[in-house]
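Structure data (TSV, C-alpha atoms) from run03.tsv:
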chain	number	residue	atom	x	y	z
S	169	MET	CA	-201.69	-131.97	43.80
S	170	VAL	CA	-198.70	-129.62	44.14
S	171	TYR	CA	-196.81	-131.59	46.80
S	172	GLY	CA	-198.18	-135.09	46.31
S	173	LEU	CA	-198.22	-135.28	42.50
S	174	SER	CA	-195.69	-132.53	41.64
S	175	ILE	CA	-198.24	-130.67	39.50
S	176	ALA	CA	-197.44	-127.03	38.81
S	177	PRO	CA	-199.58	-124.73	41.02
S	178	ARG	CA	-201.36	-123.00	38.14
S	179	GLU	CA	-202.33	-126.30	36.52
S	180	ALA	CA	-203.37	-127.61	39.95
S	181	PHE	CA	-205.65	-124.60	40.39
S	182	GLY	CA	-207.29	-125.39	37.03
S	183	ILE	CA	-207.76	-129.09	37.87
S	184	SER	CA	-209.19	-128.08	41.24
S	185	LEU	CA	-211.77	-125.81	39.63
S	186	VAL	CA	-212.94	-128.57	37.26
S	187	ALA	CA	-213.00	-131.24	39.98
S	188	VAL	CA	-214.90	-129.26	42.60
S	189	GLY	CA	-217.25	-127.83	39.98
S	190	VAL	CA	-218.32	-131.23	38.67
S	191	THR	CA	-218.55	-132.69	42.19
S	192	ALA	CA	-220.63	-129.74	43.35
S	193	LEU	CA	-223.03	-130.08	40.43
S	194	ILE	CA	-223.59	-133.75	41.23
S	195	GLY	CA	-224.10	-132.94	44.91
S	196	LEU	CA	-226.54	-130.14	44.04
S	197	ILE	CA	-228.64	-132.42	41.84
S	198	HIS	CA	-228.69	-135.04	44.60
S	199	ARG	CA	-229.87	-132.56	47.25
S	200	ILE	CA	-232.56	-131.09	45.00
S	201	ARG	CA	-233.90	-134.55	44.17
S	202	ALA	CA	-233.78	-135.57	47.85
S	203	GLY	CA	-235.71	-132.44	48.83
S	204	VAL	CA	-233.70	-131.88	52.03
S	205	GLY	CA	-234.46	-128.15	51.99
S	206	GLU	CA	-230.90	-126.99	52.65
S	207	ILE	CA	-230.39	-124.85	49.56
S	208	GLU	CA	-231.20	-121.12	49.46
S	209	LEU	CA	-231.54	-120.62	45.71
S	210	ARG	CA	-232.07	-116.85	45.90
S	211	THR	CA	-229.04	-116.24	48.11
S	212	GLY	CA	-226.90	-118.70	46.19
S	213	ALA	CA	-227.79	-117.22	42.80
S	214	LEU	CA	-226.96	-113.67	43.95
S	215	PHE	CA	-223.67	-114.83	45.43
S	216	ALA	CA	-222.79	-116.89	42.35
S	217	VAL	CA	-223.47	-114.19	39.74
S	218	ALA	CA	-221.12	-111.81	41.55
S	219	GLY	CA	-218.58	-114.60	41.95
S	220	MET	CA	-218.67	-115.45	38.24
S	221	ILE	CA	-217.75	-111.84	37.47
S	222	GLY	CA	-214.82	-111.96	39.90
S	223	ALA	CA	-213.36	-115.34	38.85
S	224	PRO	CA	-211.78	-114.15	35.56
S	225	ALA	CA	-210.10	-111.28	37.41
S	226	GLY	CA	-208.65	-113.80	39.87
S	227	ILE	CA	-207.26	-115.92	37.02
S	228	LEU	CA	-205.57	-112.85	35.52
S	229	LEU	CA	-204.21	-111.72	38.89
S	230	ALA	CA	-202.77	-115.17	39.65
S	231	SER	CA	-200.80	-115.13	36.39
S	232	LYS	CA	-198.95	-112.00	37.60
S	233	ILE	CA	-197.90	-113.41	40.99
S	234	PRO	CA	-194.95	-115.81	41.58
S	235	GLU	CA	-196.12	-119.33	42.44
S	236	ASN	CA	-194.47	-119.51	45.88
S	237	VAL	CA	-196.01	-116.16	46.83
S	238	LEU	CA	-199.40	-117.41	45.59
S	239	LEU	CA	-199.17	-120.48	47.84
S	240	ILE	CA	-198.20	-118.40	50.90
S	241	LEU	CA	-201.11	-116.02	50.26
S	242	PHE	CA	-203.41	-119.04	50.00
S	243	ALA	CA	-202.17	-120.32	53.38
S	244	VAL	CA	-202.68	-116.91	55.01
S	245	LEU	CA	-206.21	-116.75	53.59
S	246	MET	CA	-207.03	-120.18	55.03
S	247	LEU	CA	-205.68	-119.31	58.50
S	248	SER	CA	-207.81	-116.16	58.55
S	249	ILE	CA	-210.92	-118.10	57.52
S	250	ALA	CA	-210.24	-120.83	60.08
S	251	TRP	CA	-209.97	-118.28	62.91
S	252	LYS	CA	-213.28	-116.66	62.00
S	253	MET	CA	-215.01	-120.03	61.63
S	254	TRP	CA	-213.76	-121.15	65.05
S	255	LYS	CA	-215.03	-117.95	66.72
S	256	GLU	CA	-218.42	-118.24	65.01
S	257	SER	CA	-218.82	-121.88	66.10
S	258	TYR	CA	-219.60	-120.88	69.69
S	259	ASP	CA	-223.05	-120.22	71.16
S	260	PRO	CA	-224.94	-117.88	68.78
S	261	VAL	CA	-226.78	-116.38	71.77
S	262	GLU	CA	-223.48	-115.18	73.24
S	263	TYR	CA	-222.47	-113.85	69.82
S	264	ASN	CA	-225.73	-111.91	69.47
S	265	GLN	CA	-225.33	-110.41	72.95
S	266	LYS	CA	-221.91	-109.10	71.96
S	267	SER	CA	-223.42	-107.58	68.83
S	268	ASP	CA	-226.16	-105.92	70.89
S	269	GLN	CA	-223.59	-104.50	73.31
S	270	ALA	CA	-221.72	-103.02	70.37
S	271	GLN	CA	-225.06	-101.56	69.16
S	272	GLU	CA	-224.43	-102.81	65.65
S	273	ARG	CA	-226.99	-104.57	63.52
S	274	PRO	CA	-225.70	-106.98	60.87
S	275	ALA	CA	-226.36	-106.11	57.24
S	276	CYS	CA	-228.09	-109.45	56.71
S	277	GLU	CA	-230.71	-110.60	59.22
S	278	ARG	CA	-232.99	-113.62	59.39
S	279	THR	CA	-236.55	-114.21	60.53
S	280	GLU	CA	-237.36	-116.52	63.45
S	281	SER	CA	-237.93	-119.32	60.94
S	282	GLY	CA	-234.43	-118.82	59.53
S	283	GLU	CA	-235.40	-117.10	56.27
S	284	LEU	CA	-233.02	-114.40	55.03
S	285	LYS	CA	-234.33	-110.81	54.93
S	286	LEU	CA	-232.89	-109.82	51.57
S	287	THR	CA	-232.85	-106.04	51.98
S	288	SER	CA	-230.97	-103.75	49.58
S	289	ARG	CA	-228.17	-103.44	52.15
S	290	CYS	CA	-227.91	-107.22	52.51
S	291	ALA	CA	-228.01	-107.75	48.73
S	292	ALA	CA	-225.20	-105.23	48.26
S	293	LEU	CA	-223.06	-106.95	50.91
S	294	LEU	CA	-223.62	-110.44	49.49
S	295	SER	CA	-222.83	-109.18	45.98
S	296	LEU	CA	-219.57	-107.63	47.19
S	297	VAL	CA	-218.57	-110.74	49.16
S	298	GLY	CA	-219.52	-112.93	46.20
S	299	LEU	CA	-217.32	-110.80	43.93
S	300	VAL	CA	-214.35	-111.14	46.29
S	301	THR	CA	-215.00	-114.88	46.64
S	302	GLY	CA	-214.98	-115.20	42.87
S	303	VAL	CA	-211.61	-113.43	42.66
S	304	LEU	CA	-210.18	-115.73	45.34
S	305	SER	CA	-211.61	-118.79	43.60
S	306	GLY	CA	-209.99	-117.75	40.35
S	307	MET	CA	-206.66	-117.01	42.01
S	308	PHE	CA	-206.36	-120.18	44.07
S	309	GLY	CA	-208.60	-122.68	42.28
S	310	VAL	CA	-210.76	-122.99	45.39
S	311	GLY	CA	-214.28	-123.08	44.03
S	312	GLY	CA	-215.20	-125.21	47.03
S	313	GLY	CA	-215.93	-124.89	50.73
S	314	ILE	CA	-212.57	-123.38	51.70
S	315	VAL	CA	-213.87	-119.92	50.72
S	316	ILE	CA	-217.58	-120.11	49.90
S	317	VAL	CA	-218.98	-121.98	52.92
S	318	PRO	CA	-217.27	-119.67	55.47
S	319	ALA	CA	-218.39	-116.61	53.49
S	320	LEU	CA	-222.04	-117.73	53.50
S	321	ILE	CA	-221.90	-118.46	57.24
S	322	LEU	CA	-220.11	-115.26	58.25
S	323	PHE	CA	-222.00	-112.79	56.04
S	324	SER	CA	-225.49	-114.25	55.55
S	325	GLY	CA	-225.94	-115.94	58.94
S	326	MET	CA	-226.58	-119.43	57.53
S	327	SER	CA	-226.12	-122.61	59.52
S	328	ILE	CA	-223.19	-124.68	58.31
S	329	ASN	CA	-225.42	-127.43	56.86
S	330	ARG	CA	-227.49	-124.93	54.88
S	331	ALA	CA	-224.33	-123.09	53.79
S	332	ILE	CA	-222.87	-126.35	52.47
S	333	GLY	CA	-226.04	-127.06	50.48
S	334	THR	CA	-226.23	-123.53	49.06
S	335	SER	CA	-222.50	-123.49	48.32
S	336	LEU	CA	-222.96	-126.36	45.88
S	337	LEU	CA	-224.93	-124.05	43.57
S	338	VAL	CA	-222.37	-121.26	44.01
S	339	ILE	CA	-219.42	-123.61	43.51
S	340	ALA	CA	-220.79	-125.09	40.30
S	341	LEU	CA	-221.41	-121.68	38.71
S	342	ILE	CA	-218.21	-119.95	39.88
S	343	SER	CA	-216.09	-122.97	38.95
S	344	MET	CA	-217.66	-122.94	35.49
S	345	SER	CA	-216.64	-119.31	35.06
S	346	GLY	CA	-213.16	-119.98	36.43
S	347	VAL	CA	-212.58	-123.01	34.17
S	348	PHE	CA	-213.68	-121.03	31.11
S	349	SER	CA	-211.26	-118.21	32.02
S	350	HIS	CA	-208.50	-120.75	32.73
S	351	PHE	CA	-208.74	-122.15	29.20
S	352	ILE	CA	-209.14	-118.73	27.59
S	353	ALA	CA	-205.84	-117.78	29.28
S	354	GLY	CA	-204.22	-120.70	27.46
S	355	GLN	CA	-203.74	-122.90	30.53
S	356	GLY	CA	-204.75	-126.53	30.09
S	357	VAL	CA	-205.38	-129.41	32.49
S	358	SER	CA	-204.69	-133.14	32.44
S	359	ILE	CA	-207.94	-134.94	31.59
S	360	GLU	CA	-206.78	-138.17	33.25
S	361	THR	CA	-205.75	-136.48	36.51
S	362	THR	CA	-208.88	-134.35	36.55
S	363	GLY	CA	-211.06	-137.42	36.03
S	364	LEU	CA	-209.45	-139.21	38.98
S	365	PHE	CA	-210.04	-136.22	41.25
S	366	VAL	CA	-213.66	-135.99	40.12
S	367	PHE	CA	-214.13	-139.69	40.91
S	368	GLY	CA	-212.56	-139.24	44.34
S	369	GLY	CA	-214.67	-136.16	44.94
S	370	ILE	CA	-217.88	-138.06	44.24
S	371	LEU	CA	-216.89	-140.81	46.70
S	372	GLY	CA	-216.05	-138.15	49.29
S	373	LEU	CA	-219.39	-136.45	48.67
S	374	LEU	CA	-221.31	-139.64	49.38
S	375	PHE	CA	-219.32	-140.27	52.56
S	376	SER	CA	-219.68	-136.68	53.81
S	377	ASN	CA	-223.45	-136.73	53.37
S	378	ILE	CA	-223.58	-139.58	55.89
S	379	VAL	CA	-221.10	-138.12	58.39
S	380	SER	CA	-222.39	-134.52	58.36
S	381	ARG	CA	-225.82	-135.55	59.64
S	382	ARG	CA	-224.39	-137.37	62.65
S	383	ILE	CA	-222.60	-134.41	64.28
S	384	SER	CA	-223.82	-130.99	65.45
S	385	GLY	CA	-223.27	-127.83	63.43
S	386	SER	CA	-220.96	-126.34	66.10
S	387	VAL	CA	-218.70	-129.42	66.19
S	388	PHE	CA	-218.79	-129.62	62.39
S	389	GLN	CA	-217.63	-126.01	62.15
S	390	LYS	CA	-214.71	-126.61	64.56
S	391	VAL	CA	-213.59	-129.70	62.63
S	392	PHE	CA	-213.78	-127.67	59.42
S	393	ALA	CA	-211.58	-124.93	60.95
S	394	ILE	CA	-209.00	-127.43	62.26
S	395	GLY	CA	-208.77	-129.06	58.84
S	396	ILE	CA	-208.12	-125.71	57.18
S	397	ILE	CA	-205.40	-124.85	59.71
S	398	ALA	CA	-203.66	-128.19	59.16
S	399	VAL	CA	-203.55	-127.68	55.39
S	400	ALA	CA	-202.33	-124.09	55.77
S	401	ILE	CA	-199.48	-125.10	58.09
S	402	PHE	CA	-198.47	-127.87	55.69
S	403	ILE	CA	-198.40	-125.48	52.71
S	404	VAL	CA	-196.32	-122.86	54.56
S	405	SER	CA	-193.79	-125.42	55.82
S	406	LYS	CA	-193.37	-127.07	52.41
S	407	THR	CA	-193.13	-123.77	50.57
S	408	LEU	CA	-190.52	-122.29	52.93
S	409	THR	CA	-188.36	-125.45	52.85
S	410	SER	CA	-188.56	-126.04	49.09

Structure encoded using structure tokens:
Amino acid sequence: MVYGLSIAPREAFGISLVAVGVTALIGLIHRIRAGVGEIELRTGALFAVAGMIGAPAGILLASKIPENVLLILFAVLMLSIAWKMWKESYDPVEYNQKSDQAQERPACERTESGELKLTSRCAALLSLVGLVTGVLSGMFGVGGGIVIVPALILFSGMSINRAIGTSLLVIALISMSGVFSHFIAGQGVSIETTGLFVFGGILGLLFSNIVSRRISGSVFQKVFAIGIIAVAIFIVSKTLTS
């Protein structure tokens, strides 16, 4: 939106929140009706409530930061996420062995069937991460997978497919909070442009549902990381040369 349509970054962040929020809600309804079992309602709700509290703070913080600086910070955030996603995409057995050697147990653990053990320590961690995710969503207009999917994978131990399903609930709620704060701050969005992005998002959602079930979680995670890196490099290069 910023470089292709020359939309001001702050308006682009608002449009992004509306577009991904509506798309996520549609995707969530579809998955619930299909009964695919890839949504952790308890984990998602905990994450989302904390994120909804953080989103208004992110909106306020973004208004105090110069736009070019905001874009560079966004690129740095994406590169960091991409690196962690790439590392986590390797064999989980090898990853667990490294954790055992370090004699550290993760705050959030899962049963053999994949169910999350929601202990007080795990709930506190997910609440904190959800709060930070909400702030980042408010700052950068990224209510979608750029922040939330990696956070669910890295901190709750979800598979990428389950994280994507659960993120739809989180995205819809956090985006709702962010959009409300965006308008309260007196920043509007173009209804026509937003509508076109929502339409495109729905088409992309339908296509991704087909593609995501044809590749393994590990490969999916690597592709996700590469995509984030490509966007980050593009943003940095355009910002520094503008």

Taking (-200.8, -121.0, 30.6) in the file's coordinates, which residues come within 12 Å, counting all atoms listed in the file, written as a PyMOL selection string?
chain S and resi 176-182+227-228+230-232+349-357

Taking (-214.6, -137.6, 45.4) as a centre in this file's frame and 12 Å as the limit, can you find every polymer residue with an atom that close, using all atoms listed in the file, and give them as a PyMOL selection string?
chain S and resi 184+187-192+194-195+362-377

Test item: residues at most 7 Å from region 321-328 of chain S, only C-alpha atoms, excluding those fewer than 4 positions along its chain, as a PDB file with C-alpha atoms, in the coordinates of the input:
ATOM      1  CA  CYS S 276    -228.090-109.450  56.710  1.00  0.00           C
ATOM      2  CA  VAL S 317    -218.980-121.980  52.920  1.00  0.00           C
ATOM      3  CA  ILE S 332    -222.870-126.350  52.470  1.00  0.00           C
ATOM      4  CA  GLY S 385    -223.270-127.830  63.430  1.00  0.00           C
ATOM      5  CA  GLN S 389    -217.630-126.010  62.150  1.00  0.00           C
TER       6      GLN S 389
END

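Our summary of the geometry notes that CA of Ala331 (chain S) is positioned 8.0 Å from CA of Pro318 (chain S).
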
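Across the structure, CA of Ile359 (chain S) and CA of Leu336 (chain S) are spaced 22.4 Å apart.
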
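Our summary of the geometry notes that CA of Ile403 (chain S) is positioned 6.4 Å from CA of Ala243 (chain S).
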
Quick one: residues within 12 Å of region 218-220 of chain S, only C-alpha atoms counted, chain neighbours fewer than 4 positions away excluded, as a VMD selection string?
chain S and resid 211 to 214 224 to 227 291 to 306 310 to 311 315 to 316 319 335 337 to 349

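Distances to Ser386 (chain S) were evaluated for S:Met169, S:Val186, S:Met253, S:Val237 using all atoms listed in the file, and the minimum falls at S:Met253.
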
Closest to Ile240 (chain S) among S:Val391, S:Lys255, S:Phe308, S:Glu360, using all atoms listed in the file?
S:Phe308

Quick one: of S:Leu247, S:Ile175, S:Val379, S:Val217, who's nearest to Ala398 (chain S), counting all atoms listed in the file?
S:Leu247

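Comparing S:Ala400, S:Leu229, S:Ala250, S:Ile207 by their smallest distance to Arg330 (chain S), the closest is S:Ile207 (using all atoms listed in the file).
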
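Using only C-alpha atoms, the smallest distance between any of S:Ile183, S:Ile197, S:Ile233, S:Leu286 and Arg210 (chain S) comes from S:Leu286.
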
Put a box with edges along x, y and z around all the listed atoms of region 274-290 of chain S, pad it by 5 Å on each side, then give me its centre and sizes in Å, one decimal, as AutoDock Vina command-line options.
--center_x -231.8 --center_y -111.4 --center_z 56.5 --size_x 22.2 --size_y 25.9 --size_z 23.9

File contents for region 305-376 of chain S with C-alpha atoms as a PDB file, in the first residue's frame:
ATOM      1  CA  SER S 305      -0.206  -4.961  15.732  1.00  0.00           C
ATOM      2  CA  GLY S 306      -1.329  -1.487  16.704  1.00  0.00           C
ATOM      3  CA  MET S 307       1.993   0.082  15.736  1.00  0.00           C
ATOM      4  CA  PHE S 308       2.410  -1.573  12.354  1.00  0.00           C
ATOM      5  CA  GLY S 309      -1.121  -2.551  11.335  1.00  0.00           C
ATOM      6  CA  VAL S 310      -0.097  -6.217  11.259  1.00  0.00           C
ATOM      7  CA  GLY S 311      -3.035  -8.000  12.820  1.00  0.00           C
ATOM      8  CA  GLY S 312      -2.154 -10.975  10.651  1.00  0.00           C
ATOM      9  CA  GLY S 313       0.335 -13.832  10.466  1.00  0.00           C
ATOM     10  CA  ILE S 314       3.459 -11.664  10.326  1.00  0.00           C
ATOM     11  CA  VAL S 315       3.422 -11.399  14.139  1.00  0.00           C
ATOM     12  CA  ILE S 316       0.737 -13.682  15.568  1.00  0.00           C
ATOM     13  CA  VAL S 317       1.484 -16.993  13.812  1.00  0.00           C
ATOM     14  CA  PRO S 318       5.218 -16.931  14.711  1.00  0.00           C
ATOM     15  CA  ALA S 319       4.369 -15.959  18.299  1.00  0.00           C
ATOM     16  CA  LEU S 320       1.973 -18.902  18.703  1.00  0.00           C
ATOM     17  CA  ILE S 321       4.532 -21.315  17.230  1.00  0.00           C
ATOM     18  CA  LEU S 322       7.522 -20.047  19.208  1.00  0.00           C
ATOM     19  CA  PHE S 323       5.856 -19.611  22.610  1.00  0.00           C
ATOM     20  CA  SER S 324       3.032 -22.179  22.747  1.00  0.00           C
ATOM     21  CA  GLY S 325       4.635 -24.973  20.710  1.00  0.00           C
ATOM     22  CA  MET S 326       1.845 -25.173  18.109  1.00  0.00           C
ATOM     23  CA  SER S 327       2.297 -26.669  14.670  1.00  0.00           C
ATOM     24  CA  ILE S 328       2.141 -24.067  11.915  1.00  0.00           C
ATOM     25  CA  ASN S 329      -1.236 -25.299  10.603  1.00  0.00           C
ATOM     26  CA  ARG S 330      -2.817 -25.143  14.055  1.00  0.00           C
ATOM     27  CA  ALA S 331      -1.187 -21.755  14.709  1.00  0.00           C
ATOM     28  CA  ILE S 332      -2.690 -20.397  11.487  1.00  0.00           C
ATOM     29  CA  GLY S 333      -6.153 -21.632  12.479  1.00  0.00           C
ATOM     30  CA  THR S 334      -5.893 -20.241  16.015  1.00  0.00           C
ATOM     31  CA  SER S 335      -4.429 -16.963  14.763  1.00  0.00           C
ATOM     32  CA  LEU S 336      -7.637 -16.259  12.855  1.00  0.00           C
ATOM     33  CA  LEU S 337      -9.481 -15.858  16.167  1.00  0.00           C
ATOM     34  CA  VAL S 338      -6.666 -13.720  17.599  1.00  0.00           C
ATOM     35  CA  ILE S 339      -6.391 -11.613  14.442  1.00  0.00           C
ATOM     36  CA  ALA S 340     -10.108 -10.856  14.298  1.00  0.00           C
ATOM     37  CA  LEU S 341     -10.256  -9.695  17.925  1.00  0.00           C
ATOM     38  CA  ILE S 342      -6.973  -7.737  18.001  1.00  0.00           C
ATOM     39  CA  SER S 343      -7.731  -6.096  14.658  1.00  0.00           C
ATOM     40  CA  MET S 344     -11.134  -5.054  15.996  1.00  0.00           C
ATOM     41  CA  SER S 345      -9.451  -3.378  18.959  1.00  0.00           C
ATOM     42  CA  GLY S 346      -6.831  -1.758  16.725  1.00  0.00           C
ATOM     43  CA  VAL S 347      -9.411  -0.425  14.242  1.00  0.00           C
ATOM     44  CA  PHE S 348     -11.483   1.062  17.068  1.00  0.00           C
ATOM     45  CA  SER S 349      -8.382   2.789  18.479  1.00  0.00           C
ATOM     46  CA  HIS S 350      -7.388   3.955  14.980  1.00  0.00           C
ATOM     47  CA  PHE S 351     -10.696   5.783  14.536  1.00  0.00           C
ATOM     48  CA  ILE S 352     -10.736   7.113  18.102  1.00  0.00           C
ATOM     49  CA  ALA S 353      -7.327   8.681  17.327  1.00  0.00           C
ATOM     50  CA  GLY S 354      -8.988  10.535  14.447  1.00  0.00           C
ATOM     51  CA  GLN S 355      -7.317   8.545  11.659  1.00  0.00           C
ATOM     52  CA  GLY S 356      -9.650   7.422   8.877  1.00  0.00           C
ATOM     53  CA  VAL S 357      -9.352   4.904   6.038  1.00  0.00           C
ATOM     54  CA  SER S 358     -10.518   4.793   2.427  1.00  0.00           C
ATOM     55  CA  ILE S 359     -13.612   2.577   2.242  1.00  0.00           C
ATOM     56  CA  GLU S 360     -13.047   1.818  -1.454  1.00  0.00           C
ATOM     57  CA  THR S 361      -9.395   0.809  -0.999  1.00  0.00           C
ATOM     58  CA  THR S 362     -10.194  -1.183   2.125  1.00  0.00           C
ATOM     59  CA  GLY S 363     -12.975  -3.031   0.315  1.00  0.00           C
ATOM     60  CA  LEU S 364     -10.648  -4.026  -2.521  1.00  0.00           C
ATOM     61  CA  PHE S 365      -8.074  -5.386  -0.065  1.00  0.00           C
ATOM     62  CA  VAL S 366     -10.769  -7.331   1.774  1.00  0.00           C
ATOM     63  CA  PHE S 367     -11.917  -8.843  -1.535  1.00  0.00           C
ATOM     64  CA  GLY S 368      -8.344  -9.785  -2.441  1.00  0.00           C
ATOM     65  CA  GLY S 369      -7.798 -11.199   1.030  1.00  0.00           C
ATOM     66  CA  ILE S 370     -10.805 -13.490   0.703  1.00  0.00           C
ATOM     67  CA  LEU S 371      -9.544 -14.805  -2.650  1.00  0.00           C
ATOM     68  CA  GLY S 372      -6.102 -15.359  -1.114  1.00  0.00           C
ATOM     69  CA  LEU S 373      -7.682 -17.160   1.835  1.00  0.00           C
ATOM     70  CA  LEU S 374      -9.466 -19.624  -0.436  1.00  0.00           C
ATOM     71  CA  PHE S 375      -6.286 -20.276  -2.421  1.00  0.00           C
ATOM     72  CA  SER S 376      -4.113 -20.696   0.689  1.00  0.00           C
TER      73      SER S 376
END
